[in-house]
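Some notes on the structure that comes next.
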Amino acid sequence: MNARSAEHVRLATLEQRDGELLVNEIPVTRLVGRVGRTPFYAYDRNLIAARVAELRAALPPRVSLHYAIKANPMPAVVGLLCDLVDGFDVASHGEMLVALNAGMSPRDVSFAGPAKQEYELRAAVAAGICINCESETELARIAHFADELAVKAEVALRVNPSFELKGSGMKMGGSARQFGIDAERIPSAIETLHGAGLQFAGLHIFCGSQNLNADAIVEANRRTVELAAALCEKASTRPRYVNIGGGYGIPYFPSDQALDLARVGTGLKEMLDAEIALDDVEIVVELGRYLVGEAGYYVTRVSDVKISQGQVFVMVDGGLHHHLANSGNFGQVLRKNYPIVVGNKLDQTAAGTVTVVGPLCTPLDLVADHVSLPEIAVGDLIVVMQSGAYGATASPQQFLGHPAAPEILV
């Protein structure tokens, strides 16, 4: 699959009937009726389950699969994944409650984040979940709350490694970072942890995200496994697990190549088989976007079509307030279009180049810039693909007072 572009991947997986996009066999116009209005997000439960199954088949059997709830915290999505994955990672007290309400065992929930508030640490200790500690100060606070609540709290130490995941959309290691404790200080932190009566649960080593280069991921995994083995050998107590992060990317743009998952899985198996220091330690791969990103659709309706100085503008009722990432304002240096389709005209060929814009009073409200689409009419449905991750909750939904976008799991 690594030789196929984002456009080819999208076309290969798109299902339609009588020209209408199908989301888990349901026509998009039916979904509009079900929701009652546009815009909205729809997530395909079968695509999410299929992605998990694909990962299970590719990764070594000993690897546990965790879902990073930050990618899509919709309770129905989290509830679905509760029965499919081995654990959850959360990044706030709110996400912690979503994870526990979904039914995941507290033992299989970890809490990460560089500036956890005291009430969050206390709640995590009280709930019995594992805290990914990111500083010595945080470690002291956890020990205080554990003593106050008479609980032997489980703590994993988040490591800031000296290397990064090359080619990542976001780099989380390799230099001075707000995340984790520098690798050279981890042995001392382990001793402090033991001295405070805390349970050393594991190590969390995460060095980058949204990467489509299998060789880069394999290399980062190799260095991560080696670092984890060295740190475990220095610890007086064996940790229960090592979370090696993830970083698996999905293709958004025509030039993107889909990740060679088989290469990643084979490389990880080879290095784990060779690393005897981690034989009795659970290995966790933590993924968010890769599990849900390609299973989501953002559906908007055309309200007007107009021409300005020869350029055709398609006006829709959704935009950056619902889907900030699609607008290019969530980390893109040079804006590129997400894949979009006219959801009710998939059987029609392109009729011209248009720019699709939302209802907000800002030129930043771009849905798609200079794209080839079929003839557009008022009432047509513009659908942004690859919208299952970092959509609704990563967007300024209160901006200019427009209604929030409903979400449905189909």
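Simple scheme: letters A, B, ... for chains in structure tokens order, numbers from 1 for residues in each chain, numbers from 1 for ligands in the order shown.
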Per-residue nearest contacts stretch 264-379 of chain A to stretch 84-92 of chain A, cut-off 10 Å, using only C-alpha atoms, as JSON lines:
```
{"residue": "A:Val284", "atom": "CA", "partner": "A:Asp86", "partner_atom": "CA", "distance": 9.0}
{"residue": "A:Val285", "atom": "CA", "partner": "A:Asp86", "partner_atom": "CA", "distance": 10.0}
{"residue": "A:Glu286", "atom": "CA", "partner": "A:Asp89", "partner_atom": "CA", "distance": 7.5}
{"residue": "A:Leu287", "atom": "CA", "partner": "A:Asp89", "partner_atom": "CA", "distance": 9.0}
{"residue": "A:Gly288", "atom": "CA", "partner": "A:Asp89", "partner_atom": "CA", "distance": 9.1}
```
At a cut-off of 12 Å, can you tabulate as CSV every residue of stretch 266-330 of chain A near stretch 62-83 of chain A together with its closest atom pair and the distance in Å to one decimal, using only C-alpha atoms and ordering rows by chain then number?
```
residue,atom,partner,partner_atom,distance
A:Leu268,CA,A:Val63,CA,9.4
A:Lys269,CA,A:Arg62,CA,9.1
A:Leu272,CA,A:Arg62,CA,9.3
A:Asp273,CA,A:Arg62,CA,10.3
A:Leu278,CA,A:Arg62,CA,11.3
A:Asp279,CA,A:Arg62,CA,9.8
A:Asp280,CA,A:Arg62,CA,10.2
A:Val281,CA,A:Arg62,CA,9.6
A:Glu282,CA,A:Val63,CA,7.0
A:Ile283,CA,A:Val63,CA,5.1
A:Val284,CA,A:Ser64,CA,4.7
A:Val285,CA,A:Leu65,CA,5.2
A:Glu286,CA,A:His66,CA,4.6
A:Leu287,CA,A:Tyr67,CA,5.2
A:Gly288,CA,A:Ala68,CA,4.6
A:Arg289,CA,A:Ala71,CA,5.5
A:Tyr290,CA,A:Ala71,CA,9.0
A:Leu291,CA,A:Tyr67,CA,7.6
A:Val292,CA,A:Asn72,CA,7.3
A:Gly293,CA,A:Ala71,CA,8.0
A:Glu294,CA,A:Ala71,CA,11.7
A:Ala295,CA,A:Val77,CA,10.7
A:Gly296,CA,A:Asn72,CA,9.9
```
Please produce a file of those selected residues containing N, CA, C and O atoms, as a PDB file, in the first residue's frame.
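Below is the file selection-v8.pdb, written as the result:
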```pdb
ATOM      1  N   LEU A 268       9.448  -3.932  13.881  1.00  0.00           N
ATOM      2  CA  LEU A 268       9.248  -3.945  15.329  1.00  0.00           C
ATOM      3  C   LEU A 268       9.415  -5.352  15.886  1.00  0.00           C
ATOM      4  O   LEU A 268      10.019  -5.544  16.954  1.00  0.00           O
ATOM      5  N   LYS A 269       8.914  -6.343  15.188  1.00  0.00           N
ATOM      6  CA  LYS A 269       9.067  -7.732  15.652  1.00  0.00           C
ATOM      7  C   LYS A 269      10.526  -8.134  15.722  1.00  0.00           C
ATOM      8  O   LYS A 269      10.974  -8.748  16.710  1.00  0.00           O
ATOM      9  N   LEU A 272      12.216  -6.432  18.764  1.00  0.00           N
ATOM     10  CA  LEU A 272      11.748  -6.945  20.058  1.00  0.00           C
ATOM     11  C   LEU A 272      12.255  -8.361  20.290  1.00  0.00           C
ATOM     12  O   LEU A 272      12.595  -8.728  21.423  1.00  0.00           O
ATOM     13  N   ASP A 273      12.313  -9.161  19.236  1.00  0.00           N
ATOM     14  CA  ASP A 273      12.848 -10.521  19.376  1.00  0.00           C
ATOM     15  C   ASP A 273      14.312 -10.511  19.796  1.00  0.00           C
ATOM     16  O   ASP A 273      14.780 -11.416  20.494  1.00  0.00           O
ATOM     17  N   LEU A 278      13.811  -6.711  27.446  1.00  0.00           N
ATOM     18  CA  LEU A 278      12.398  -6.354  27.543  1.00  0.00           C
ATOM     19  C   LEU A 278      11.479  -7.569  27.403  1.00  0.00           C
ATOM     20  O   LEU A 278      10.272  -7.408  27.181  1.00  0.00           O
ATOM     21  N   ASP A 279      12.026  -8.751  27.540  1.00  0.00           N
ATOM     22  CA  ASP A 279      11.237  -9.973  27.328  1.00  0.00           C
ATOM     23  C   ASP A 279       9.995 -10.050  28.206  1.00  0.00           C
ATOM     24  O   ASP A 279       8.952 -10.540  27.783  1.00  0.00           O
ATOM     25  N   ASP A 280      10.115  -9.589  29.447  1.00  0.00           N
ATOM     26  CA  ASP A 280       9.000  -9.717  30.386  1.00  0.00           C
ATOM     27  C   ASP A 280       8.240  -8.404  30.570  1.00  0.00           C
ATOM     28  O   ASP A 280       7.494  -8.242  31.533  1.00  0.00           O
ATOM     29  N   VAL A 281       8.425  -7.469  29.651  1.00  0.00           N
ATOM     30  CA  VAL A 281       7.793  -6.151  29.748  1.00  0.00           C
ATOM     31  C   VAL A 281       6.767  -6.013  28.627  1.00  0.00           C
ATOM     32  O   VAL A 281       7.049  -6.330  27.465  1.00  0.00           O
ATOM     33  N   GLU A 282       5.562  -5.542  28.982  1.00  0.00           N
ATOM     34  CA  GLU A 282       4.531  -5.297  27.975  1.00  0.00           C
ATOM     35  C   GLU A 282       4.960  -4.125  27.091  1.00  0.00           C
ATOM     36  O   GLU A 282       5.401  -3.085  27.580  1.00  0.00           O
ATOM     37  N   ILE A 283       4.825  -4.288  25.785  1.00  0.00           N
ATOM     38  CA  ILE A 283       5.145  -3.220  24.831  1.00  0.00           C
ATOM     39  C   ILE A 283       3.835  -2.633  24.325  1.00  0.00           C
ATOM     40  O   ILE A 283       2.966  -3.352  23.819  1.00  0.00           O
ATOM     41  N   VAL A 284       3.695  -1.329  24.462  1.00  0.00           N
ATOM     42  CA  VAL A 284       2.475  -0.632  24.075  1.00  0.00           C
ATOM     43  C   VAL A 284       2.755   0.264  22.879  1.00  0.00           C
ATOM     44  O   VAL A 284       3.726   1.030  22.880  1.00  0.00           O
ATOM     45  N   VAL A 285       1.920   0.166  21.852  1.00  0.00           N
ATOM     46  CA  VAL A 285       1.907   1.127  20.754  1.00  0.00           C
ATOM     47  C   VAL A 285       0.662   1.979  20.928  1.00  0.00           C
ATOM     48  O   VAL A 285      -0.454   1.458  21.029  1.00  0.00           O
ATOM     49  N   GLU A 286       0.853   3.286  20.991  1.00  0.00           N
ATOM     50  CA  GLU A 286      -0.249   4.226  21.255  1.00  0.00           C
ATOM     51  C   GLU A 286      -0.547   5.032  20.002  1.00  0.00           C
ATOM     52  O   GLU A 286       0.326   5.736  19.487  1.00  0.00           O
ATOM     53  N   LEU A 287      -1.772   4.917  19.509  1.00  0.00           N
ATOM     54  CA  LEU A 287      -2.161   5.576  18.261  1.00  0.00           C
ATOM     55  C   LEU A 287      -3.479   6.315  18.441  1.00  0.00           C
ATOM     56  O   LEU A 287      -4.350   5.866  19.189  1.00  0.00           O
ATOM     57  N   GLY A 288      -3.628   7.413  17.727  1.00  0.00           N
ATOM     58  CA  GLY A 288      -4.887   8.148  17.739  1.00  0.00           C
ATOM     59  C   GLY A 288      -5.398   8.337  16.333  1.00  0.00           C
ATOM     60  O   GLY A 288      -6.305   7.661  15.867  1.00  0.00           O
ATOM     61  N   ARG A 289      -4.788   9.270  15.613  1.00  0.00           N
ATOM     62  CA  ARG A 289      -5.182   9.602  14.254  1.00  0.00           C
ATOM     63  C   ARG A 289      -5.249   8.363  13.352  1.00  0.00           C
ATOM     64  O   ARG A 289      -6.152   8.223  12.531  1.00  0.00           O
ATOM     65  N   TYR A 290      -4.281   7.448  13.512  1.00  0.00           N
ATOM     66  CA  TYR A 290      -4.218   6.296  12.613  1.00  0.00           C
ATOM     67  C   TYR A 290      -5.431   5.379  12.780  1.00  0.00           C
ATOM     68  O   TYR A 290      -5.821   4.687  11.843  1.00  0.00           O
ATOM     69  N   LEU A 291      -6.031   5.377  13.954  1.00  0.00           N
ATOM     70  CA  LEU A 291      -7.189   4.521  14.198  1.00  0.00           C
ATOM     71  C   LEU A 291      -8.482   5.122  13.665  1.00  0.00           C
ATOM     72  O   LEU A 291      -9.364   4.393  13.206  1.00  0.00           O
ATOM     73  N   VAL A 292      -8.617   6.432  13.736  1.00  0.00           N
ATOM     74  CA  VAL A 292      -9.925   7.038  13.449  1.00  0.00           C
ATOM     75  C   VAL A 292      -9.932   8.055  12.310  1.00  0.00           C
ATOM     76  O   VAL A 292     -10.995   8.401  11.796  1.00  0.00           O
ATOM     77  N   GLY A 293      -8.774   8.539  11.905  1.00  0.00           N
ATOM     78  CA  GLY A 293      -8.725   9.656  10.965  1.00  0.00           C
ATOM     79  C   GLY A 293      -9.405   9.388   9.646  1.00  0.00           C
ATOM     80  O   GLY A 293     -10.143  10.237   9.122  1.00  0.00           O
ATOM     81  N   GLU A 294      -9.177   8.223   9.060  1.00  0.00           N
ATOM     82  CA  GLU A 294      -9.725   7.936   7.742  1.00  0.00           C
ATOM     83  C   GLU A 294     -11.170   7.466   7.795  1.00  0.00           C
ATOM     84  O   GLU A 294     -11.785   7.229   6.751  1.00  0.00           O
ATOM     85  N   ALA A 295     -11.721   7.333   8.987  1.00  0.00           N
ATOM     86  CA  ALA A 295     -13.106   6.867   9.145  1.00  0.00           C
ATOM     87  C   ALA A 295     -14.093   8.012   9.311  1.00  0.00           C
ATOM     88  O   ALA A 295     -15.279   7.772   9.538  1.00  0.00           O
ATOM     89  N   GLY A 296     -13.620   9.258   9.181  1.00  0.00           N
ATOM     90  CA  GLY A 296     -14.487  10.405   9.446  1.00  0.00           C
ATOM     91  C   GLY A 296     -14.770  11.246   8.221  1.00  0.00           C
ATOM     92  O   GLY A 296     -13.938  11.384   7.314  1.00  0.00           O
TER      93      GLY A 296
END
```
I'd like the contact shell of stretch 34-39 of chain A - 8 Å cut-off, only C-alpha atoms, skipping same-chain residues fewer than 6 positions apart - returned as a ChimeraX atom specification.
/A:298-301,317-318,405-406,408
Using only C-alpha atoms, which residues sit within 10 Å of A:Ser188 once same-chain residues fewer than 5 positions away are excluded, as a list in words?
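Final neighbour list, sorted by chain and number: Glu136, Leu193, Lys234 and Ala235 of chain A.
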Store the residues picked out above, limited to all heavy atoms, as an mmCIF file, in the first residue's frame.
```
data_model
loop_
_atom_site.group_PDB
_atom_site.id
_atom_site.type_symbol
_atom_site.label_atom_id
_atom_site.label_comp_id
_atom_site.auth_asym_id
_atom_site.auth_seq_id
_atom_site.Cartn_x
_atom_site.Cartn_y
_atom_site.Cartn_z
ATOM 1 N N GLU A 136 9.960 16.333 37.730
ATOM 2 C CA GLU A 136 10.209 15.983 39.126
ATOM 3 C C GLU A 136 9.192 16.649 40.053
ATOM 4 O O GLU A 136 8.782 16.066 41.062
ATOM 5 C CB GLU A 136 11.633 16.376 39.522
ATOM 6 C CG GLU A 136 12.724 15.500 38.932
ATOM 7 C CD GLU A 136 13.185 15.953 37.545
ATOM 8 O OE1 GLU A 136 12.501 16.806 36.929
ATOM 9 O OE2 GLU A 136 14.232 15.447 37.083
ATOM 10 N N LEU A 193 11.083 8.028 42.748
ATOM 11 C CA LEU A 193 9.763 7.388 42.698
ATOM 12 C C LEU A 193 9.673 6.274 43.737
ATOM 13 O O LEU A 193 8.708 6.194 44.514
ATOM 14 C CB LEU A 193 9.545 6.859 41.276
ATOM 15 C CG LEU A 193 8.230 6.230 40.868
ATOM 16 C CD1 LEU A 193 8.047 6.358 39.357
ATOM 17 C CD2 LEU A 193 8.171 4.763 41.248
ATOM 18 N N LYS A 234 18.716 -0.319 34.405
ATOM 19 C CA LYS A 234 19.207 0.510 35.506
ATOM 20 C C LYS A 234 18.209 0.611 36.650
ATOM 21 O O LYS A 234 18.550 1.088 37.732
ATOM 22 C CB LYS A 234 19.533 1.912 34.993
ATOM 23 C CG LYS A 234 20.706 1.964 34.025
ATOM 24 C CD LYS A 234 20.956 3.377 33.541
ATOM 25 C CE LYS A 234 22.110 3.426 32.553
ATOM 26 N NZ LYS A 234 22.356 4.804 32.037
ATOM 27 N N ALA A 235 16.967 0.199 36.390
ATOM 28 C CA ALA A 235 15.923 0.319 37.412
ATOM 29 C C ALA A 235 16.015 -0.837 38.401
ATOM 30 O O ALA A 235 16.294 -1.974 38.023
ATOM 31 C CB ALA A 235 14.552 0.332 36.761
#
```
From the set A:Asn211, A:Gln117, A:Gln332, A:Ser162, which residue has the shortest atom-to-atom contact distance to A:Asp256, counting only C-alpha atoms?
A:Asn211
Output as a VMD selection string all residues of stretch 146-395 of chain A that backbone DSSP marks as strand (DSSP E or B).
chain A and resid 154 to 160 170 to 171 181 to 182 199 to 205 208 to 209 211 241 to 243 248 257 282 to 287 296 to 308 311 to 316 340 to 342 352 to 357 366 to 373 381 to 384
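Residues surrounding A:Lys306 within 12 Å are Val302, Gly310, Gln311, Val312, Phe313, Val314, Met315, Val316, Val354, Thr355, Val356, Val357, Ile376, Ala377 and Val378 of chain A [only C-alpha atoms; sequence separation below 4 positions excluded].
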Please write the residues from the selection above to a file, keeping all heavy atoms, as a CSV table (one decimal), in the first residue's frame.
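Once everything was written out, this is again21.csv:
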```csv
chain,number,residue,atom,x,y,z
A,302,VAL,N,-24.1,23.4,0.4
A,302,VAL,CA,-23.9,24.6,-0.4
A,302,VAL,C,-25.0,25.5,-0.3
A,302,VAL,O,-26.2,25.2,-0.4
A,302,VAL,CB,-23.7,24.2,-1.9
A,302,VAL,CG1,-23.6,25.5,-2.8
A,302,VAL,CG2,-22.5,23.3,-2.1
A,310,GLY,N,-14.0,36.4,-12.2
A,310,GLY,CA,-13.8,35.2,-12.9
A,310,GLY,C,-13.6,33.9,-12.1
A,310,GLY,O,-13.5,32.8,-12.6
A,311,GLN,N,-13.4,34.1,-10.8
A,311,GLN,CA,-13.2,32.9,-9.9
A,311,GLN,C,-14.5,32.5,-9.3
A,311,GLN,O,-15.3,33.3,-8.8
A,311,GLN,CB,-12.2,33.3,-8.8
A,311,GLN,CG,-11.9,32.1,-7.9
A,311,GLN,CD,-10.8,32.4,-6.9
A,311,GLN,OE1,-10.1,33.5,-7.0
A,311,GLN,NE2,-10.6,31.5,-5.9
A,312,VAL,N,-14.8,31.2,-9.4
A,312,VAL,CA,-16.1,30.7,-8.8
A,312,VAL,C,-15.9,30.3,-7.3
A,312,VAL,O,-15.0,29.6,-7.0
A,312,VAL,CB,-16.5,29.4,-9.6
A,312,VAL,CG1,-17.8,28.8,-9.0
A,312,VAL,CG2,-16.7,29.7,-11.1
A,313,PHE,N,-16.7,30.9,-6.5
A,313,PHE,CA,-16.7,30.6,-5.1
A,313,PHE,C,-18.0,29.8,-4.7
A,313,PHE,O,-19.1,30.2,-5.0
A,313,PHE,CB,-16.7,31.9,-4.2
A,313,PHE,CG,-15.4,32.6,-4.3
A,313,PHE,CD1,-15.1,33.5,-5.2
A,313,PHE,CD2,-14.4,32.3,-3.3
A,313,PHE,CE1,-13.9,34.2,-5.3
A,313,PHE,CE2,-13.2,33.0,-3.3
A,313,PHE,CZ,-12.9,33.9,-4.3
A,314,VAL,N,-17.8,28.7,-4.1
A,314,VAL,CA,-18.8,27.8,-3.6
A,314,VAL,C,-19.0,28.1,-2.1
A,314,VAL,O,-18.0,27.9,-1.3
A,314,VAL,CB,-18.6,26.3,-3.8
A,314,VAL,CG1,-19.6,25.5,-3.2
A,314,VAL,CG2,-18.5,26.1,-5.3
A,315,MET,N,-20.1,28.6,-1.6
A,315,MET,CA,-20.3,29.0,-0.2
A,315,MET,C,-21.0,27.9,0.5
A,315,MET,O,-22.1,27.4,0.0
A,315,MET,CB,-21.2,30.3,-0.1
A,315,MET,CG,-20.9,31.3,-1.3
A,315,MET,SD,-19.3,32.0,-1.3
A,315,MET,CE,-19.3,33.0,0.2
A,316,VAL,N,-20.5,27.4,1.6
A,316,VAL,CA,-21.1,26.3,2.4
A,316,VAL,C,-21.3,26.8,3.8
A,316,VAL,O,-20.8,27.8,4.3
A,316,VAL,CB,-20.2,25.1,2.3
A,316,VAL,CG1,-20.0,24.6,0.9
A,316,VAL,CG2,-18.8,25.3,2.9
A,354,VAL,N,-13.1,25.4,-8.7
A,354,VAL,CA,-13.8,26.3,-7.7
A,354,VAL,C,-13.0,26.4,-6.4
A,354,VAL,O,-12.1,25.6,-6.1
A,354,VAL,CB,-15.2,25.8,-7.4
A,354,VAL,CG1,-16.0,25.6,-8.7
A,354,VAL,CG2,-15.2,24.5,-6.7
A,355,THR,N,-13.4,27.4,-5.7
A,355,THR,CA,-12.9,27.6,-4.3
A,355,THR,C,-14.0,27.5,-3.3
A,355,THR,O,-15.0,28.2,-3.5
A,355,THR,CB,-12.1,28.9,-4.1
A,355,THR,OG1,-10.9,28.9,-4.9
A,355,THR,CG2,-11.7,29.2,-2.7
A,356,VAL,N,-13.9,26.6,-2.4
A,356,VAL,CA,-15.0,26.4,-1.4
A,356,VAL,C,-14.7,27.1,-0.1
A,356,VAL,O,-13.6,26.9,0.5
A,356,VAL,CB,-15.2,24.9,-1.1
A,356,VAL,CG1,-16.4,24.6,-0.2
A,356,VAL,CG2,-15.4,24.1,-2.5
A,357,VAL,N,-15.6,28.0,0.3
A,357,VAL,CA,-15.4,28.8,1.5
A,357,VAL,C,-16.6,28.7,2.5
A,357,VAL,O,-17.7,28.3,2.1
A,357,VAL,CB,-15.2,30.3,1.1
A,357,VAL,CG1,-14.0,30.4,0.3
A,357,VAL,CG2,-16.4,30.8,0.5
A,376,ILE,N,-21.7,22.6,-9.5
A,376,ILE,CA,-22.2,22.8,-8.2
A,376,ILE,C,-23.5,23.6,-8.2
A,376,ILE,O,-23.6,24.6,-8.9
A,376,ILE,CB,-21.2,23.4,-7.2
A,376,ILE,CG1,-19.9,22.7,-7.2
A,376,ILE,CG2,-21.8,23.6,-5.8
A,376,ILE,CD1,-20.0,21.3,-6.6
A,377,ALA,N,-24.5,23.1,-7.4
A,377,ALA,CA,-25.7,23.9,-7.2
A,377,ALA,C,-26.0,24.0,-5.8
A,377,ALA,O,-25.6,23.3,-4.9
A,377,ALA,CB,-26.9,23.1,-7.9
A,378,VAL,N,-26.9,25.1,-5.4
A,378,VAL,CA,-27.3,25.3,-4.1
A,378,VAL,C,-28.0,24.0,-3.6
A,378,VAL,O,-28.8,23.4,-4.3
A,378,VAL,CB,-28.2,26.5,-4.0
A,378,VAL,CG1,-28.9,26.5,-2.6
A,378,VAL,CG2,-27.5,27.7,-4.3
```
A:Glu407, A:Asp182, A:Glu275, A:Asp369: which is nearest A:Val225, counting only C-alpha atoms?
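Under the stated criterion, the closest residue is A:Glu275.
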May I ask for the distance between atom CA of A:Thr266 and atom CA of A:Gly388, given in Å to one decimal place?
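If I compute the distance from atom CA of A:Thr266 to atom CA of A:Gly388, I get 27.1 Å.
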Could you tell me how far atom CA of A:Gly247 sits from atom CA of A:Ala262, in Å to one decimal place?
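Going from atom CA of A:Ala262 over to atom CA of A:Gly247, I get 15.0 Å.
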